[in-house]
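All remarks here apply to the structure that follows.
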Amino acid sequence: DGGGSGEPRRTMRWRVAHELLETEKAYVDTLDRIIRIFFHPLRQAVHEKKQEAILSKEQVYGVFFSIEDIYLTNYALLGKLRRRLDAWDDARTTIGDLFVDAAADLDAYSDYVRHHKEAILTVNDAEQRNRAFVQFVDAQRTKYKLALGLLALLITPVQRIPRYRLLLASMLKYTDEAHADHALLTRAHSQISAIADRVNEAIREQENFKRIVEIQHAFDGNIKDIVSATRRYVRDGPLLKVCKKNTKWRHFFLFNDVLVYGALCSNHPP
């Protein structure tokens, strides 16, 4: 807890600051990979026009909406965090002011999240209908030995702001009220929490939308129009369907606007 002797509190405060730095390093590296491995080659194919582009200009900028702005913001934040920890003095070093100063730029995440659903739609549609896109993504993943696919990489900015809120709350817990950083962390946590609330609502929508994409993939490619920008998943489960000669178990998926069912396949769990 936040009690105990001064030494454990100082140790825990350092550990949280170190975790903040290390996770920021990994996150900025992920942003760099998204831009360097996927965004720049796709954008180059659009502008060079030496061959038919894999995606249109509108699709490319829609999928990677504001990703470079986010990268620049977090690259700068990473540099400041690194300098603070390199010169760490628990009695004087502050972290909260870095996030207070960055809050306005970090609010750009709200725009990214709002556009993320459209990015999922574009990537999902390209995976279903655009052979060149599938080949490009597979080739890049193989070349750079990427464990995560493009959609999994694109969700990382959506997840980062809620992580900041947790880390700042932990740091505040282990910072004495008399410390100069306490008031700064309190202000930073409040500002980041406001952004995180907007992001979390979008995350709930993304998770629902992701479930719809998973359901479409479970139908062995026989149905290609389950995914829709206005559709919301409600629930699913097995039901007995009455047929002409007998009854059969089928798996039903209820959405806000349609009911879909099918026979289960062992290689495609619902």
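Chain lettering (A, B, ...) mirrors the order of the structure tokens, residue numbering begins at 1 for each chain separately, and ligand numbering begins at 1 in order of display.
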12 Å contact set for Gln206 in chain A, only C-alpha atoms, chain neighbours under 3 positions out, as a VMD selection string: chain A and resid 113 to 121 151 to 152 154 to 155 158 to 159 199 to 203 209 to 213 229 231 to 233
Per-residue DSSP, range 44-181 of chain A, filtered to helix (DSSP H, G or I), as a PyMOL selection string: chain A and resi 44-48+57-63+67-86+96-106+108-129+131-143+150-154+156-173+180-181
Residue neighbourhood Ala76 in chain A, 12 Å, only C-alpha atoms, exclusion window fewer than 2 positions, as an NGL selection string: :A and (24-25 or 28 or 69-74 or 78-83 or 98-99 or 101-102 or 105-106)
All residues 8 Å or closer to Ala180 in chain A, only C-alpha atoms, same chain fewer than 4 positions away omitted, as a PyMOL selection string: chain A and resi 92+94+184
Residue contacts of Ala139 in chain A (12 Å, only C-alpha atoms) excluding same-chain residues fewer than 4 positions away, as a VMD selection string: chain A and resid 37 to 38 132 to 135 143 to 146 149 to 150
Just N, CA, C and O atoms for this one: save the residues we selected as a PDB file, in the first residue's frame.
ATOM      1  N   ILE A  37       7.090   0.043 -41.624  1.00  0.00           N
ATOM      2  CA  ILE A  37       6.866  -1.237 -42.301  1.00  0.00           C
ATOM      3  C   ILE A  37       5.585  -1.236 -43.138  1.00  0.00           C
ATOM      4  O   ILE A  37       5.527  -1.884 -44.191  1.00  0.00           O
ATOM      5  N   PHE A  38       4.579  -0.475 -42.701  1.00  0.00           N
ATOM      6  CA  PHE A  38       3.299  -0.513 -43.406  1.00  0.00           C
ATOM      7  C   PHE A  38       2.903   0.834 -44.030  1.00  0.00           C
ATOM      8  O   PHE A  38       2.605   0.892 -45.222  1.00  0.00           O
ATOM      9  N   ALA A 132      -3.644  -8.229 -53.438  1.00  0.00           N
ATOM     10  CA  ALA A 132      -2.353  -7.540 -53.367  1.00  0.00           C
ATOM     11  C   ALA A 132      -2.075  -7.046 -51.949  1.00  0.00           C
ATOM     12  O   ALA A 132      -0.939  -7.090 -51.469  1.00  0.00           O
ATOM     13  N   PHE A 133      -3.117  -6.586 -51.270  1.00  0.00           N
ATOM     14  CA  PHE A 133      -2.962  -6.110 -49.894  1.00  0.00           C
ATOM     15  C   PHE A 133      -2.586  -7.263 -48.964  1.00  0.00           C
ATOM     16  O   PHE A 133      -1.676  -7.130 -48.139  1.00  0.00           O
ATOM     17  N   VAL A 134      -3.264  -8.384 -49.107  1.00  0.00           N
ATOM     18  CA  VAL A 134      -2.969  -9.554 -48.267  1.00  0.00           C
ATOM     19  C   VAL A 134      -1.526 -10.013 -48.487  1.00  0.00           C
ATOM     20  O   VAL A 134      -0.795 -10.307 -47.527  1.00  0.00           O
ATOM     21  N   GLN A 135      -1.105 -10.052 -49.731  1.00  0.00           N
ATOM     22  CA  GLN A 135       0.265 -10.463 -50.041  1.00  0.00           C
ATOM     23  C   GLN A 135       1.281  -9.480 -49.469  1.00  0.00           C
ATOM     24  O   GLN A 135       2.329  -9.881 -48.946  1.00  0.00           O
ATOM     25  N   LYS A 143       9.101 -10.603 -43.517  1.00  0.00           N
ATOM     26  CA  LYS A 143      10.382  -9.907 -43.666  1.00  0.00           C
ATOM     27  C   LYS A 143      10.884  -9.346 -42.340  1.00  0.00           C
ATOM     28  O   LYS A 143      12.074  -9.456 -42.006  1.00  0.00           O
ATOM     29  N   TYR A 144       9.979  -8.762 -41.563  1.00  0.00           N
ATOM     30  CA  TYR A 144      10.379  -8.104 -40.316  1.00  0.00           C
ATOM     31  C   TYR A 144      10.076  -8.948 -39.080  1.00  0.00           C
ATOM     32  O   TYR A 144      10.193  -8.464 -37.953  1.00  0.00           O
ATOM     33  N   LYS A 145       9.676 -10.205 -39.307  1.00  0.00           N
ATOM     34  CA  LYS A 145       9.437 -11.153 -38.224  1.00  0.00           C
ATOM     35  C   LYS A 145       8.465 -10.582 -37.164  1.00  0.00           C
ATOM     36  O   LYS A 145       8.740 -10.578 -35.972  1.00  0.00           O
ATOM     37  N   LEU A 146       7.328 -10.095 -37.640  1.00  0.00           N
ATOM     38  CA  LEU A 146       6.339  -9.495 -36.755  1.00  0.00           C
ATOM     39  C   LEU A 146       5.405 -10.553 -36.186  1.00  0.00           C
ATOM     40  O   LEU A 146       4.816 -11.336 -36.923  1.00  0.00           O
ATOM     41  N   GLY A 149      -0.301  -8.944 -36.230  1.00  0.00           N
ATOM     42  CA  GLY A 149      -0.791  -8.500 -37.522  1.00  0.00           C
ATOM     43  C   GLY A 149      -1.048  -7.000 -37.525  1.00  0.00           C
ATOM     44  O   GLY A 149      -0.924  -6.327 -36.500  1.00  0.00           O
ATOM     45  N   LEU A 150      -1.425  -6.466 -38.675  1.00  0.00           N
ATOM     46  CA  LEU A 150      -1.612  -5.030 -38.816  1.00  0.00           C
ATOM     47  C   LEU A 150      -2.702  -4.495 -37.886  1.00  0.00           C
ATOM     48  O   LEU A 150      -2.512  -3.471 -37.219  1.00  0.00           O
TER      49      LEU A 150
END
Range 41-46 of chain A surroundings by only C-alpha atoms, 12 Å radius, close-in-sequence under 3 positions cut, as an MDAnalysis selection string: chainID A and resid 33:38 49:64 132:133 136:137 140
May I have the selected residues written with C-alpha atoms, as a PDB file, in the first residue's frame?
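Contents of the output file part.pdb:
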ATOM      1  CA  ARG A  33       7.172  -0.252 -36.978  1.00  0.00           C
ATOM      2  CA  ILE A  34       3.643   0.664 -38.050  1.00  0.00           C
ATOM      3  CA  ILE A  35       4.930   3.715 -39.912  1.00  0.00           C
ATOM      4  CA  ARG A  36       8.106   2.246 -41.383  1.00  0.00           C
ATOM      5  CA  ILE A  37       6.866  -1.237 -42.301  1.00  0.00           C
ATOM      6  CA  PHE A  38       3.299  -0.513 -43.406  1.00  0.00           C
ATOM      7  CA  LYS A  49       2.103   5.611 -59.341  1.00  0.00           C
ATOM      8  CA  LYS A  50       4.576   3.278 -61.063  1.00  0.00           C
ATOM      9  CA  GLN A  51       2.070   0.494 -60.641  1.00  0.00           C
ATOM     10  CA  GLU A  52      -1.462   0.147 -59.387  1.00  0.00           C
ATOM     11  CA  ALA A  53      -1.503   1.165 -55.723  1.00  0.00           C
ATOM     12  CA  ILE A  54      -2.275  -1.541 -53.191  1.00  0.00           C
ATOM     13  CA  LEU A  55      -4.709   0.827 -51.450  1.00  0.00           C
ATOM     14  CA  SER A  56      -6.103   4.167 -52.596  1.00  0.00           C
ATOM     15  CA  LYS A  57      -4.772   7.408 -51.130  1.00  0.00           C
ATOM     16  CA  GLU A  58      -7.965   7.830 -49.101  1.00  0.00           C
ATOM     17  CA  GLN A  59      -7.695   4.299 -47.740  1.00  0.00           C
ATOM     18  CA  VAL A  60      -4.032   4.680 -46.762  1.00  0.00           C
ATOM     19  CA  TYR A  61      -4.555   7.928 -44.883  1.00  0.00           C
ATOM     20  CA  GLY A  62      -7.746   6.583 -43.342  1.00  0.00           C
ATOM     21  CA  VAL A  63      -6.092   3.449 -41.959  1.00  0.00           C
ATOM     22  CA  PHE A  64      -3.084   5.347 -40.589  1.00  0.00           C
ATOM     23  CA  ALA A 132      -2.353  -7.540 -53.367  1.00  0.00           C
ATOM     24  CA  PHE A 133      -2.962  -6.110 -49.894  1.00  0.00           C
ATOM     25  CA  PHE A 136       1.879  -7.164 -49.015  1.00  0.00           C
ATOM     26  CA  VAL A 137       0.951  -7.525 -45.328  1.00  0.00           C
ATOM     27  CA  GLN A 140       6.076  -7.451 -44.506  1.00  0.00           C
TER      28      GLN A 140
END
Residue with smallest distance to Ile67 in chain A - pool A:Leu153, A:Ala196, A:Ile226, A:Ala103, counting only C-alpha atoms: A:Leu153
Nearby residues (only C-alpha atoms) at most 9 Å from Ser170 in chain A, same-chain spacing under 6 positions excluded, as a ChimeraX atom specification: /A:12-13,16
